[in-house]
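Visitor: One structure, as structure tokens, below. Some questions next.
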Amino acid sequence: NFATLINYIKIVNSRPLLRSALLFGQKFLDGFLAIGLPLLSPMISNNFVEVQSILKKIQTSTRYLHHVTCHSKSSKDIALTARVPLLKKFLEAFVLKVKAIFAHHGCTDAFWVGNLKQRNLKGEEIVSQVGYIAPAVMATLR
């Protein structure tokens, strides 16, 4: 599954794997937004805990994908950076659509949105960008 792939990339963060993470992360999110989320939406009212669990797993992976985008920008790797804008578009669409679905079902208290810090692949804050407020948004499912 997608979360397993991202966890493997966290351990073996070679450049080809990071490039694949950016590419296939975008493709996964595209498919999930088009097919998966519409399937989960009607299930929220009856199976809230299960739907929330699925979205939390995806959220963990999307947070790491955000770290990969920050790494590619800070390392100035052109091959990686070229994939960043489209992936960020899908990451933001994921947050906005999940938020809209939770609002539609009256579950807004289970969803929180904040700013993501710019972090490297190890999760450490990128020093050159400390104080910079990221345009990306982090959603936390409670």
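All residue names refer to the structure tokens as shown: chains lettered A, B, ... in order, residues numbered from 1 in each chain, ligands numbered from 1 in order.
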Could you pull out the strand (DSSP E or B) residues of segment 19-142 of chain A, going by DSSP on the backbone, and write them as number ranges by chain?

Guide: A: 111-115, 119, 125, 137-141

Visitor: As a PyMOL selection string, list the residues of segment 28-118 of chain A assigned to alpha helix (DSSP H) by DSSP on the backbone atoms of this structure.

Guide: chain A and resi 28-31+37-40+48-74+78-81+84-104

Visitor: I'd like the neighbourhood of Asn1 of chain A as a PyMOL selection string, where a residue qualifies if any of its atoms comes within 12 Å (using only C-alpha atoms), though same-chain residues fewer than 3 positions away should be ignored.

Guide: chain A and resi 4-8+24-25+28+54+57-58+61

Visitor: Find the spatial neighbours of segment 82-94 of chain A, counting only C-alpha atoms, within a cut-off of 6 Å - ignore same-chain residues fewer than 3 positions away - and output them as a list in words.

Guide: Gln26, Thr69, Ile78, Ala79 and Lys97 of chain A

Visitor: Given only C-alpha atoms as the basis, pick out the residue of A:Ala110, A:Ile126, A:Ser72, A:His105 nearest to Arg15 of chain A.

Guide: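 For Arg15 of chain A, the nearest of the given residues is A:Ser72.
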
Visitor: Tell me, in Å to one decimal, how far atom CA of Val49 of chain A is from atom CA of Ala103 of chain A.

Guide: 15.9 Å

Visitor: When you draw a straight line from atom CA of Ala100 of chain A to atom CA of Arg119 of chain A, how long is it in Å?

Guide: 27.1 Å

Visitor: For each of A:Leu65, A:Ile101, A:Ala3, A:Cys70, take the minimum atom-to-atom distance to Met43 of chain A, counting only C-alpha atoms, then give the residue where this is smallest.

Guide: A:Ile101

Visitor: Counting only C-alpha atoms, which of A:Ile11, A:Leu121, A:Val51, A:Leu29 gets nearest to His67 of chain A?

Guide: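 With only C-alpha atoms as the atom set, the closest residue is A:Leu121.
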